[in-house]
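K.L.:
What follows is a structure written as structure tokens; I'll ask about it next.
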Amino acid sequence: MENVRLLSKYDIKRAINTVITKYNCDELITNEYFDFVRKELDVHAVNFSFVEDVFPSKYRLAPDRESKSRVAKAIMDYAKNHDDPFIATPFRYLKDMIEYGRAMYDTCATWKVIFVQADGSVIIPCYRFDAPENRMSMLEHSIDEIYRHRGWEITDRCNECESFSCVWYLSQNPLNIADAYIRGLISLIKYFAISRIKIKGC
Ligand code: SF4
């Protein structure tokens with residue numbers, strides 16, 4: 001948080017990506033979170049993703065189904081009535097959480113980006129299928145060769161990721177994320193209009 005305050009002090013553009021877990025649901029439902037980032041951190045744009053409990057562990061972070069729905073509804077209600085902080089999360093993602101408790105998509109499109117590991121290898125198609133036969137090194141293979149790996153076919157039928165907003169984004173029709181861009185533009189126009197009125201008022 002000190003580092004975020006430093007960004008503010010030097011007027012460097014900043015936004016926060018917040019991961020929603022069972023430990024921060026309440027502050028979102030009460031809107032305390034929004035007051036905090038705006039007033040205490042001087043941050044005016046936020047984005048949300050629900051945590052995904054990927055691997056079996058006794059430590060579960062994901063909120064239960066009802067909490068997910070309540071949090072998503074609270075965020076959407078806030079976004080409809082406030083510009084500050086601006087909420088960049090597409091409403092379709094939040095609606096999926098409200099209606100289904102998970103991100104909805106027909107087929108995963110994680111092939112649209114490839115994640116290169118520190119040793120230069122790419123896991124095909126994703127972390128969940130990590131195995132020696134599903135890794136190809138970018139140091140030894142061209143991108144074309146990597147894309148010819150049969151492991152990418154897994155994405156045609158896989159629907160495992162329930163909350164990752166990145167997987168959700170990649171798998172969407174662009175129209176489903178357009179609202180976030182349009183709301184962002186409107187918010188910017190309002191911001192500049194108000195700034196001009198204030199300057200004229202001075
Ligand atoms: S939906 Fe399946 S293929 Fe896509 S990222 Fe998740 S686990 Fe991997």
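A note on labels: chains of the structure tokens are A, B, ... as shown, every chain counts residues from 1, and ligands are counted from 1 in their shown order.
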Ligand 1: which residues are within 12 Å, counting only C-alpha atoms and all ligand atoms? Reply as an NGL selection string.
P.N.:
:A and (52-55 or 102-115 or 123-130 or 151-171)
K.L.:
Let's have the selection written as a short mmCIF file (atom, residue, chain, number, x, y, z; two decimals), in the first residue's frame, with C-alpha atoms.
P.N.:
data_model
loop_
_atom_site.label_atom_id
_atom_site.label_comp_id
_atom_site.auth_asym_id
_atom_site.auth_seq_id
_atom_site.Cartn_x
_atom_site.Cartn_y
_atom_site.Cartn_z
CA GLU A 52 -9.88 -20.11 -8.45
CA ASP A 53 -9.01 -22.99 -6.13
CA VAL A 54 -6.90 -24.73 -8.72
CA PHE A 55 -5.14 -27.52 -6.91
CA ARG A 102 -19.07 -19.50 -12.40
CA ALA A 103 -17.72 -17.99 -15.59
CA MET A 104 -19.60 -19.23 -18.65
CA TYR A 105 -18.03 -19.88 -22.05
CA ASP A 106 -18.47 -22.43 -24.80
CA THR A 107 -14.85 -23.35 -25.34
CA CYS A 108 -11.68 -22.21 -23.69
CA ALA A 109 -9.48 -20.00 -25.86
CA THR A 110 -6.39 -19.91 -23.74
CA TRP A 111 -4.39 -20.53 -26.94
CA LYS A 112 -4.80 -16.82 -27.72
CA VAL A 113 -1.91 -16.12 -25.40
CA ILE A 114 0.99 -18.32 -24.43
CA PHE A 115 2.66 -18.16 -21.06
CA ILE A 123 2.85 -25.38 -20.99
CA ILE A 124 0.31 -26.65 -23.52
CA PRO A 125 -2.50 -25.81 -23.20
CA CYS A 126 -2.31 -24.55 -19.62
CA TYR A 127 -1.05 -25.02 -16.07
CA ARG A 128 -3.63 -27.73 -15.32
CA PHE A 129 -2.17 -30.12 -17.87
CA ASP A 130 1.43 -29.56 -16.96
CA GLY A 151 -2.37 -30.52 -26.59
CA TRP A 152 -4.11 -27.36 -27.82
CA GLU A 153 -7.05 -29.56 -28.85
CA ILE A 154 -7.86 -29.94 -25.16
CA THR A 155 -9.21 -26.39 -25.18
CA ASP A 156 -11.94 -27.44 -27.65
CA ARG A 157 -13.71 -29.42 -24.97
CA CYS A 158 -12.38 -28.06 -21.68
CA ASN A 159 -14.53 -25.92 -19.46
CA GLU A 160 -12.74 -26.46 -16.16
CA CYS A 161 -11.86 -22.93 -15.11
CA GLU A 162 -14.76 -21.48 -13.17
CA SER A 163 -13.54 -18.11 -12.05
CA PHE A 164 -10.40 -17.00 -13.83
CA SER A 165 -11.35 -13.76 -15.48
CA CYS A 166 -8.39 -14.14 -17.88
CA VAL A 167 -9.74 -17.44 -19.23
CA TRP A 168 -13.21 -15.93 -19.37
CA TYR A 169 -11.99 -12.85 -21.30
CA LEU A 170 -10.12 -14.91 -23.86
CA SER A 171 -13.14 -17.07 -24.53
#
K.L.:
Could you please write out, as number ranges by chain, every residue of chain A that DSSP assigns to strand (DSSP E)?
P.N.:
A: 16-20, 45-50, 86-87, 121-123, 135-137
K.L.:
Where does region 10-85 of chain A meet region 174-192 of chain A within 10 Å, residue by residue, with the nearest atom pair and distance in Å to one decimal for each, counting only C-alpha atoms, listed by chain and rising number, as JSON lines?
P.N.:
{"residue": "A:Ala45", "atom": "CA", "partner": "A:Gly184", "partner_atom": "CA", "distance": 9.5}
{"residue": "A:Ala79", "atom": "CA", "partner": "A:Arg183", "partner_atom": "CA", "distance": 9.2}
{"residue": "A:Lys80", "atom": "CA", "partner": "A:Arg183", "partner_atom": "CA", "distance": 9.5}
{"residue": "A:His82", "atom": "CA", "partner": "A:Ser187", "partner_atom": "CA", "distance": 9.5}
{"residue": "A:Asp83", "atom": "CA", "partner": "A:Ser187", "partner_atom": "CA", "distance": 6.2}
{"residue": "A:Asp84", "atom": "CA", "partner": "A:Ser187", "partner_atom": "CA", "distance": 8.7}
{"residue": "A:Pro85", "atom": "CA", "partner": "A:Ser187", "partner_atom": "CA", "distance": 9.9}
K.L.:
Just the selected residues (C-alpha atoms), exported as a CSV table (one decimal), in the first residue's frame, please.
P.N.:
chain,number,residue,atom,x,y,z
A,45,ALA,CA,-9.9,2.4,-11.4
A,79,ALA,CA,-20.7,0.4,-10.9
A,80,LYS,CA,-24.1,1.4,-12.1
A,82,HIS,CA,-20.7,5.5,-9.2
A,83,ASP,CA,-17.9,6.6,-11.4
A,84,ASP,CA,-15.2,6.6,-8.8
A,85,PRO,CA,-13.5,4.2,-8.6
K.L.:
CA of Val19 (chain A) and CA of Ser121 (chain A), how far apart in Å?
P.N.:
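About the pair CA of Ser121 (chain A) and CA of Val19 (chain A): they are 26.7 Å apart.
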K.L.:
Name the residues of chain A that come out as alpha helix (DSSP H) in a backbone DSSP run; write them as a PyMOL selection string.
P.N.:
chain A and resi 2-9+25-29+32-35+65-81+91-100+143-147+165-170+178-201
K.L.:
Would you work out the distance separating CA of Thr89 (chain A) from CA of Val51 (chain A), expressed in Å to one decimal?
P.N.:
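The value is 14.4 Å.
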K.L.:
Show which residues sit within 12 Å of Ile16 (chain A), as a count of residues only. Count only C-alpha atoms, and ignore same-chain residues fewer than 5 positions away.
P.N.:
21
